[in-house]
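Chemist: Just so it is clear, I am handing over data-v2.txt, which has compact mmCIF, N, CA and C atoms.
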# COMPACT_ATOMS: atom_id res chain seq x y z
N MET A 1 30.38 7.87 -31.85
CA MET A 1 30.82 7.12 -30.71
C MET A 1 29.64 6.69 -29.84
N LEU A 2 28.72 7.63 -29.64
CA LEU A 2 27.54 7.33 -28.83
C LEU A 2 26.70 6.22 -29.47
N ARG A 3 26.59 6.23 -30.78
CA ARG A 3 25.85 5.18 -31.49
C ARG A 3 26.51 3.83 -31.30
N LEU A 4 27.83 3.81 -31.34
CA LEU A 4 28.57 2.56 -31.15
C LEU A 4 28.32 2.00 -29.75
N VAL A 5 28.34 2.86 -28.75
CA VAL A 5 28.08 2.43 -27.39
C VAL A 5 26.65 1.88 -27.27
N ALA A 6 25.70 2.57 -27.85
CA ALA A 6 24.30 2.11 -27.82
C ALA A 6 24.16 0.77 -28.52
N LEU A 7 24.84 0.59 -29.64
CA LEU A 7 24.79 -0.67 -30.37
C LEU A 7 25.39 -1.79 -29.54
N LEU A 8 26.52 -1.55 -28.94
CA LEU A 8 27.16 -2.58 -28.11
C LEU A 8 26.30 -2.93 -26.90
N LEU A 9 25.67 -1.95 -26.30
CA LEU A 9 24.77 -2.22 -25.18
C LEU A 9 23.58 -3.06 -25.62
N SER A 10 23.01 -2.74 -26.77
CA SER A 10 21.85 -3.51 -27.24
C SER A 10 22.25 -4.94 -27.58
N ILE A 11 23.44 -5.13 -28.11
CA ILE A 11 23.92 -6.48 -28.41
C ILE A 11 24.11 -7.25 -27.10
N GLY A 12 24.66 -6.58 -26.11
CA GLY A 12 24.85 -7.22 -24.81
C GLY A 12 23.53 -7.60 -24.16
N VAL A 13 22.55 -6.73 -24.23
CA VAL A 13 21.23 -7.02 -23.68
C VAL A 13 20.59 -8.19 -24.42
N ALA A 14 20.73 -8.23 -25.72
CA ALA A 14 20.18 -9.33 -26.51
C ALA A 14 20.84 -10.65 -26.14
N ALA A 15 22.14 -10.63 -25.92
CA ALA A 15 22.85 -11.85 -25.54
C ALA A 15 22.38 -12.35 -24.18
N ILE A 16 22.20 -11.44 -23.24
CA ILE A 16 21.70 -11.83 -21.92
C ILE A 16 20.30 -12.39 -22.03
N ALA A 17 19.46 -11.76 -22.84
CA ALA A 17 18.08 -12.23 -23.01
C ALA A 17 18.05 -13.64 -23.59
N GLN A 18 19.01 -13.97 -24.44
CA GLN A 18 19.04 -15.30 -25.04
C GLN A 18 19.35 -16.35 -23.98
N GLU A 19 19.94 -15.96 -22.87
CA GLU A 19 20.28 -16.91 -21.83
C GLU A 19 19.34 -16.83 -20.63
N ASP A 20 18.27 -16.09 -20.73
CA ASP A 20 17.29 -15.98 -19.66
C ASP A 20 16.16 -16.96 -19.94
N PRO A 21 15.99 -17.98 -19.08
CA PRO A 21 14.95 -18.98 -19.34
C PRO A 21 13.55 -18.41 -19.46
N VAL A 22 13.25 -17.39 -18.68
CA VAL A 22 11.91 -16.80 -18.72
C VAL A 22 11.67 -16.14 -20.07
N GLN A 23 12.64 -15.39 -20.55
CA GLN A 23 12.48 -14.73 -21.84
C GLN A 23 12.47 -15.74 -22.99
N LEU A 24 13.29 -16.77 -22.88
CA LEU A 24 13.28 -17.82 -23.91
C LEU A 24 11.91 -18.48 -23.96
N ARG A 25 11.36 -18.80 -22.79
CA ARG A 25 10.04 -19.43 -22.73
C ARG A 25 8.97 -18.51 -23.31
N ASP A 26 9.03 -17.25 -22.95
CA ASP A 26 8.04 -16.30 -23.46
C ASP A 26 8.09 -16.19 -24.98
N ARG A 27 9.29 -16.15 -25.53
CA ARG A 27 9.44 -16.10 -26.99
C ARG A 27 8.90 -17.38 -27.62
N ALA A 28 9.18 -18.51 -26.99
CA ALA A 28 8.70 -19.79 -27.51
C ALA A 28 7.17 -19.85 -27.51
N VAL A 29 6.57 -19.39 -26.42
CA VAL A 29 5.10 -19.39 -26.33
C VAL A 29 4.50 -18.52 -27.44
N GLY A 30 5.12 -17.38 -27.71
CA GLY A 30 4.65 -16.53 -28.80
C GLY A 30 4.74 -17.23 -30.15
N LEU A 31 5.84 -17.93 -30.36
CA LEU A 31 6.00 -18.67 -31.62
C LEU A 31 5.00 -19.81 -31.73
N ILE A 32 4.75 -20.48 -30.63
CA ILE A 32 3.76 -21.57 -30.63
C ILE A 32 2.39 -21.01 -30.99
N GLY A 33 2.07 -19.85 -30.45
CA GLY A 33 0.79 -19.20 -30.77
C GLY A 33 0.65 -18.88 -32.24
N MET A 34 1.77 -18.70 -32.92
CA MET A 34 1.75 -18.44 -34.36
C MET A 34 1.91 -19.71 -35.18
N GLY A 35 1.96 -20.86 -34.48
CA GLY A 35 2.10 -22.13 -35.18
C GLY A 35 3.52 -22.43 -35.65
N LYS A 36 4.50 -21.71 -35.13
CA LYS A 36 5.89 -21.91 -35.53
C LYS A 36 6.59 -22.85 -34.55
N TYR A 37 6.15 -24.10 -34.58
CA TYR A 37 6.63 -25.09 -33.62
C TYR A 37 8.12 -25.37 -33.75
N ALA A 38 8.60 -25.47 -34.97
CA ALA A 38 10.02 -25.78 -35.18
C ALA A 38 10.92 -24.68 -34.63
N GLU A 39 10.48 -23.45 -34.68
CA GLU A 39 11.27 -22.35 -34.13
C GLU A 39 11.16 -22.28 -32.61
N ALA A 40 10.04 -22.70 -32.08
CA ALA A 40 9.82 -22.63 -30.64
C ALA A 40 10.55 -23.74 -29.89
N GLU A 41 10.68 -24.89 -30.52
CA GLU A 41 11.26 -26.05 -29.83
C GLU A 41 12.65 -25.79 -29.24
N PRO A 42 13.61 -25.27 -30.01
CA PRO A 42 14.93 -25.06 -29.41
C PRO A 42 14.92 -24.02 -28.28
N LEU A 43 14.01 -23.07 -28.35
CA LEU A 43 13.93 -22.07 -27.28
C LEU A 43 13.44 -22.70 -25.98
N LEU A 44 12.39 -23.54 -26.09
CA LEU A 44 11.89 -24.22 -24.89
C LEU A 44 12.92 -25.19 -24.34
N ALA A 45 13.58 -25.92 -25.23
CA ALA A 45 14.59 -26.88 -24.79
C ALA A 45 15.73 -26.15 -24.09
N ARG A 46 16.15 -25.01 -24.62
CA ARG A 46 17.23 -24.24 -24.00
C ARG A 46 16.78 -23.67 -22.66
N ALA A 47 15.55 -23.18 -22.58
CA ALA A 47 15.02 -22.65 -21.32
C ALA A 47 15.02 -23.75 -20.26
N LEU A 48 14.59 -24.94 -20.64
CA LEU A 48 14.56 -26.06 -19.70
C LEU A 48 15.98 -26.42 -19.26
N ASP A 49 16.90 -26.47 -20.20
CA ASP A 49 18.29 -26.78 -19.87
C ASP A 49 18.87 -25.76 -18.88
N LEU A 50 18.64 -24.49 -19.15
CA LEU A 50 19.15 -23.45 -18.26
C LEU A 50 18.55 -23.55 -16.86
N ARG A 51 17.23 -23.77 -16.79
CA ARG A 51 16.57 -23.88 -15.49
C ARG A 51 17.07 -25.11 -14.73
N GLU A 52 17.31 -26.22 -15.45
CA GLU A 52 17.85 -27.41 -14.78
C GLU A 52 19.22 -27.12 -14.18
N ARG A 53 20.03 -26.39 -14.91
CA ARG A 53 21.36 -26.05 -14.41
C ARG A 53 21.28 -25.12 -13.19
N GLN A 54 20.29 -24.23 -13.20
CA GLN A 54 20.15 -23.28 -12.10
C GLN A 54 19.54 -23.92 -10.86
N ALA A 55 18.50 -24.72 -11.08
CA ALA A 55 17.71 -25.20 -9.95
C ALA A 55 17.94 -26.67 -9.61
N GLY A 56 18.51 -27.43 -10.53
CA GLY A 56 18.67 -28.87 -10.32
C GLY A 56 17.58 -29.63 -11.04
N ALA A 57 17.89 -30.84 -11.45
CA ALA A 57 16.99 -31.63 -12.28
C ALA A 57 15.70 -32.05 -11.58
N GLU A 58 15.69 -32.03 -10.26
CA GLU A 58 14.51 -32.47 -9.51
C GLU A 58 13.64 -31.33 -9.01
N ASP A 59 13.99 -30.11 -9.34
CA ASP A 59 13.25 -28.96 -8.83
C ASP A 59 11.86 -28.88 -9.45
N LEU A 60 10.86 -28.62 -8.62
CA LEU A 60 9.48 -28.57 -9.10
C LEU A 60 9.20 -27.39 -10.03
N SER A 61 10.04 -26.37 -10.00
CA SER A 61 9.83 -25.23 -10.89
C SER A 61 10.05 -25.61 -12.36
N LEU A 62 10.62 -26.78 -12.61
CA LEU A 62 10.83 -27.25 -13.98
C LEU A 62 9.56 -27.81 -14.62
N VAL A 63 8.62 -28.21 -13.79
CA VAL A 63 7.42 -28.90 -14.29
C VAL A 63 6.70 -28.12 -15.40
N PRO A 64 6.43 -26.83 -15.24
CA PRO A 64 5.73 -26.14 -16.34
C PRO A 64 6.51 -26.15 -17.65
N LEU A 65 7.83 -25.98 -17.59
CA LEU A 65 8.62 -26.02 -18.82
C LEU A 65 8.62 -27.41 -19.44
N ILE A 66 8.73 -28.43 -18.60
CA ILE A 66 8.70 -29.81 -19.09
C ILE A 66 7.37 -30.09 -19.78
N GLU A 67 6.27 -29.67 -19.15
CA GLU A 67 4.94 -29.91 -19.72
C GLU A 67 4.73 -29.11 -21.01
N GLU A 68 5.26 -27.90 -21.08
CA GLU A 68 5.11 -27.11 -22.31
C GLU A 68 5.89 -27.74 -23.45
N LEU A 69 7.09 -28.23 -23.16
CA LEU A 69 7.87 -28.89 -24.20
C LEU A 69 7.18 -30.19 -24.62
N ALA A 70 6.62 -30.91 -23.67
CA ALA A 70 5.89 -32.14 -23.99
C ALA A 70 4.67 -31.84 -24.86
N ALA A 71 3.96 -30.78 -24.54
CA ALA A 71 2.79 -30.40 -25.35
C ALA A 71 3.21 -30.00 -26.76
N LEU A 72 4.34 -29.34 -26.87
CA LEU A 72 4.85 -28.97 -28.19
C LEU A 72 5.19 -30.22 -28.99
N TYR A 73 5.85 -31.19 -28.35
CA TYR A 73 6.16 -32.45 -29.04
C TYR A 73 4.87 -33.14 -29.48
N ARG A 74 3.88 -33.12 -28.63
CA ARG A 74 2.59 -33.75 -28.97
C ARG A 74 1.96 -33.06 -30.18
N ALA A 75 2.01 -31.73 -30.20
CA ALA A 75 1.46 -30.98 -31.32
C ALA A 75 2.20 -31.27 -32.62
N GLN A 76 3.47 -31.64 -32.50
CA GLN A 76 4.26 -31.99 -33.68
C GLN A 76 4.10 -33.46 -34.07
N GLY A 77 3.31 -34.20 -33.29
CA GLY A 77 3.12 -35.61 -33.58
C GLY A 77 4.25 -36.49 -33.05
N ARG A 78 5.06 -35.94 -32.17
CA ARG A 78 6.19 -36.68 -31.58
C ARG A 78 5.75 -37.27 -30.25
N ASN A 79 4.79 -38.18 -30.34
CA ASN A 79 4.16 -38.72 -29.13
C ASN A 79 5.11 -39.46 -28.21
N PRO A 80 6.04 -40.28 -28.70
CA PRO A 80 6.96 -40.94 -27.75
C PRO A 80 7.81 -39.94 -26.95
N ASP A 81 8.27 -38.88 -27.62
CA ASP A 81 9.03 -37.85 -26.92
C ASP A 81 8.15 -37.12 -25.91
N ALA A 82 6.93 -36.82 -26.31
CA ALA A 82 5.99 -36.14 -25.40
C ALA A 82 5.69 -37.01 -24.19
N GLU A 83 5.48 -38.29 -24.41
CA GLU A 83 5.16 -39.19 -23.31
C GLU A 83 6.29 -39.24 -22.29
N LYS A 84 7.53 -39.29 -22.75
CA LYS A 84 8.67 -39.31 -21.82
C LYS A 84 8.67 -38.07 -20.93
N LEU A 85 8.40 -36.92 -21.54
CA LEU A 85 8.40 -35.69 -20.75
C LEU A 85 7.20 -35.61 -19.81
N PHE A 86 6.03 -36.05 -20.28
CA PHE A 86 4.86 -36.04 -19.40
C PHE A 86 5.10 -36.95 -18.19
N LEU A 87 5.71 -38.11 -18.43
CA LEU A 87 6.02 -39.01 -17.33
C LEU A 87 7.03 -38.38 -16.37
N ARG A 88 7.99 -37.69 -16.94
CA ARG A 88 8.98 -37.01 -16.09
C ARG A 88 8.32 -35.94 -15.23
N SER A 89 7.40 -35.20 -15.82
CA SER A 89 6.77 -34.10 -15.08
C SER A 89 5.87 -34.62 -13.95
N SER A 90 5.34 -35.81 -14.11
CA SER A 90 4.46 -36.34 -13.07
C SER A 90 5.22 -37.12 -12.00
N ALA A 91 6.49 -37.38 -12.26
CA ALA A 91 7.28 -38.18 -11.28
C ALA A 91 7.68 -37.36 -10.08
Starting from the file, lay out its structure as structure tokens.

Modeler:
Amino acid sequence: MLRLVALLLSIGVAAIAQEDPVQLRDRAVGLIGMGKYAEAEPLLARALDLRERQAGAEDLSLVPLIEELAALYRAQGRNPDAEKLFLRSSA
């Protein structure tokens, strides 16, 4: 019974972590450092989406996430997508 409770708690903690923009960003940065861009992209995009919902689309705290996602797109050769985000971050 105790093992079941521990398992359920760990699953709950993992689910919460998946919805925490800071933890999503941190995981994405780690993946980028390993060159796993395709795996990092949805994490950064989700972190940005969550932060936008929390803070609003015009909040300046979004700028670092926007720039990181833009840099990831640039590293993937997705220059038009990167340019849109860089322009957004500077606006």

Chemist: Write out as a PyMOL selection string the residues lying within 8 Å of segment 31-44 of chain A, counting all atoms listed in the file and excluding same-chain residues fewer than 2 positions away.

Modeler: chain A and resi 21+23-29+46-50+65-66+68-69+72-73+75-76

Chemist: What gap, in Å, lies between atom N of Glu19 of chain A and atom CA of Glu67 of chain A?

Modeler: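 Pair atom N of Glu19 of chain A / atom CA of Glu67 of chain A returns 20.7 Å.
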
Chemist: Go through A:Glu52, A:Val22, A:Ala70, A:Val63 one by one, measure the shortest atom-to-atom distance of each to Ser90 of chain A using all atoms listed in the file, and give the residue with the smallest value.

Modeler: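 Smallest separation from Ser90 of chain A among the options: A:Val63.
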
Chemist: Atom C of Leu60 of chain A and atom CA of Gly77 of chain A are how many Å apart?

Modeler: 25.7 Å

Chemist: For a test of reading the model, state the distance in Å between atom CA of Ala55 of chain A and atom CA of Ala71 of chain A, rounded to one decimal.

Modeler: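 Between atom CA of Ala55 of chain A and atom CA of Ala71 of chain A the gap is 22.1 Å.
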
Chemist: Among chain A, which ones does DSSP assign to helix (DSSP H, G or I) (computed from the backbone)? Answer as a PyMOL selection string.

Modeler: chain A and resi 2-18+21-33+37-55+60-75+79-90

Chemist: Could you give me segment 44-63 of chain A completed to N, CA, C and O atoms, formatted as an mmCIF file, in the frame of the given file?

Modeler:
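For reference, result.cif as written:
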data_model
loop_
_atom_site.group_PDB
_atom_site.id
_atom_site.type_symbol
_atom_site.label_atom_id
_atom_site.label_comp_id
_atom_site.auth_asym_id
_atom_site.auth_seq_id
_atom_site.Cartn_x
_atom_site.Cartn_y
_atom_site.Cartn_z
ATOM 1 N N LEU A 44 12.390 -23.540 -26.090
ATOM 2 C CA LEU A 44 11.890 -24.220 -24.890
ATOM 3 C C LEU A 44 12.920 -25.190 -24.340
ATOM 4 O O LEU A 44 13.105 -25.290 -23.120
ATOM 5 N N ALA A 45 13.580 -25.920 -25.230
ATOM 6 C CA ALA A 45 14.590 -26.880 -24.790
ATOM 7 C C ALA A 45 15.730 -26.150 -24.090
ATOM 8 O O ALA A 45 16.233 -26.619 -23.058
ATOM 9 N N ARG A 46 16.150 -25.010 -24.620
ATOM 10 C CA ARG A 46 17.230 -24.240 -24.000
ATOM 11 C C ARG A 46 16.780 -23.670 -22.660
ATOM 12 O O ARG A 46 17.539 -23.682 -21.685
ATOM 13 N N ALA A 47 15.550 -23.180 -22.580
ATOM 14 C CA ALA A 47 15.020 -22.650 -21.320
ATOM 15 C C ALA A 47 15.020 -23.750 -20.260
ATOM 16 O O ALA A 47 15.412 -23.517 -19.108
ATOM 17 N N LEU A 48 14.590 -24.940 -20.640
ATOM 18 C CA LEU A 48 14.560 -26.060 -19.700
ATOM 19 C C LEU A 48 15.980 -26.420 -19.260
ATOM 20 O O LEU A 48 16.237 -26.622 -18.076
ATOM 21 N N ASP A 49 16.900 -26.470 -20.200
ATOM 22 C CA ASP A 49 18.290 -26.780 -19.870
ATOM 23 C C ASP A 49 18.870 -25.760 -18.880
ATOM 24 O O ASP A 49 19.511 -26.130 -17.892
ATOM 25 N N LEU A 50 18.640 -24.490 -19.150
ATOM 26 C CA LEU A 50 19.150 -23.450 -18.260
ATOM 27 C C LEU A 50 18.550 -23.550 -16.860
ATOM 28 O O LEU A 50 19.246 -23.420 -15.860
ATOM 29 N N ARG A 51 17.230 -23.770 -16.790
ATOM 30 C CA ARG A 51 16.570 -23.880 -15.490
ATOM 31 C C ARG A 51 17.070 -25.110 -14.730
ATOM 32 O O ARG A 51 17.239 -25.069 -13.510
ATOM 33 N N GLU A 52 17.310 -26.220 -15.450
ATOM 34 C CA GLU A 52 17.850 -27.410 -14.780
ATOM 35 C C GLU A 52 19.220 -27.120 -14.180
ATOM 36 O O GLU A 52 19.511 -27.570 -13.076
ATOM 37 N N ARG A 53 20.030 -26.390 -14.910
ATOM 38 C CA ARG A 53 21.360 -26.050 -14.410
ATOM 39 C C ARG A 53 21.280 -25.120 -13.190
ATOM 40 O O ARG A 53 22.079 -25.212 -12.282
ATOM 41 N N GLN A 54 20.290 -24.230 -13.200
ATOM 42 C CA GLN A 54 20.150 -23.280 -12.100
ATOM 43 C C GLN A 54 19.540 -23.920 -10.860
ATOM 44 O O GLN A 54 19.994 -23.682 -9.748
ATOM 45 N N ALA A 55 18.500 -24.720 -11.080
ATOM 46 C CA ALA A 55 17.710 -25.200 -9.950
ATOM 47 C C ALA A 55 17.940 -26.670 -9.610
ATOM 48 O O ALA A 55 17.563 -27.120 -8.533
ATOM 49 N N GLY A 56 18.510 -27.430 -10.530
ATOM 50 C CA GLY A 56 18.670 -28.870 -10.320
ATOM 51 C C GLY A 56 17.580 -29.630 -11.040
ATOM 52 O O GLY A 56 16.459 -29.130 -11.224
ATOM 53 N N ALA A 57 17.890 -30.840 -11.450
ATOM 54 C CA ALA A 57 16.990 -31.630 -12.280
ATOM 55 C C ALA A 57 15.700 -32.050 -11.580
ATOM 56 O O ALA A 57 14.718 -32.374 -12.241
ATOM 57 N N GLU A 58 15.690 -32.030 -10.260
ATOM 58 C CA GLU A 58 14.510 -32.470 -9.510
ATOM 59 C C GLU A 58 13.640 -31.330 -9.010
ATOM 60 O O GLU A 58 12.646 -31.567 -8.336
ATOM 61 N N ASP A 59 13.990 -30.110 -9.340
ATOM 62 C CA ASP A 59 13.250 -28.960 -8.830
ATOM 63 C C ASP A 59 11.860 -28.880 -9.450
ATOM 64 O O ASP A 59 11.700 -29.048 -10.662
ATOM 65 N N LEU A 60 10.860 -28.620 -8.620
ATOM 66 C CA LEU A 60 9.480 -28.570 -9.100
ATOM 67 C C LEU A 60 9.200 -27.390 -10.030
ATOM 68 O O LEU A 60 8.226 -27.418 -10.783
ATOM 69 N N SER A 61 10.040 -26.370 -10.000
ATOM 70 C CA SER A 61 9.830 -25.230 -10.890
ATOM 71 C C SER A 61 10.050 -25.610 -12.360
ATOM 72 O O SER A 61 9.668 -24.848 -13.253
ATOM 73 N N LEU A 62 10.620 -26.780 -12.610
ATOM 74 C CA LEU A 62 10.830 -27.250 -13.980
ATOM 75 C C LEU A 62 9.560 -27.810 -14.620
ATOM 76 O O LEU A 62 9.461 -27.883 -15.839
ATOM 77 N N VAL A 63 8.620 -28.210 -13.790
ATOM 78 C CA VAL A 63 7.420 -28.900 -14.290
ATOM 79 C C VAL A 63 6.700 -28.120 -15.400
ATOM 80 O O VAL A 63 6.388 -28.701 -16.440
#
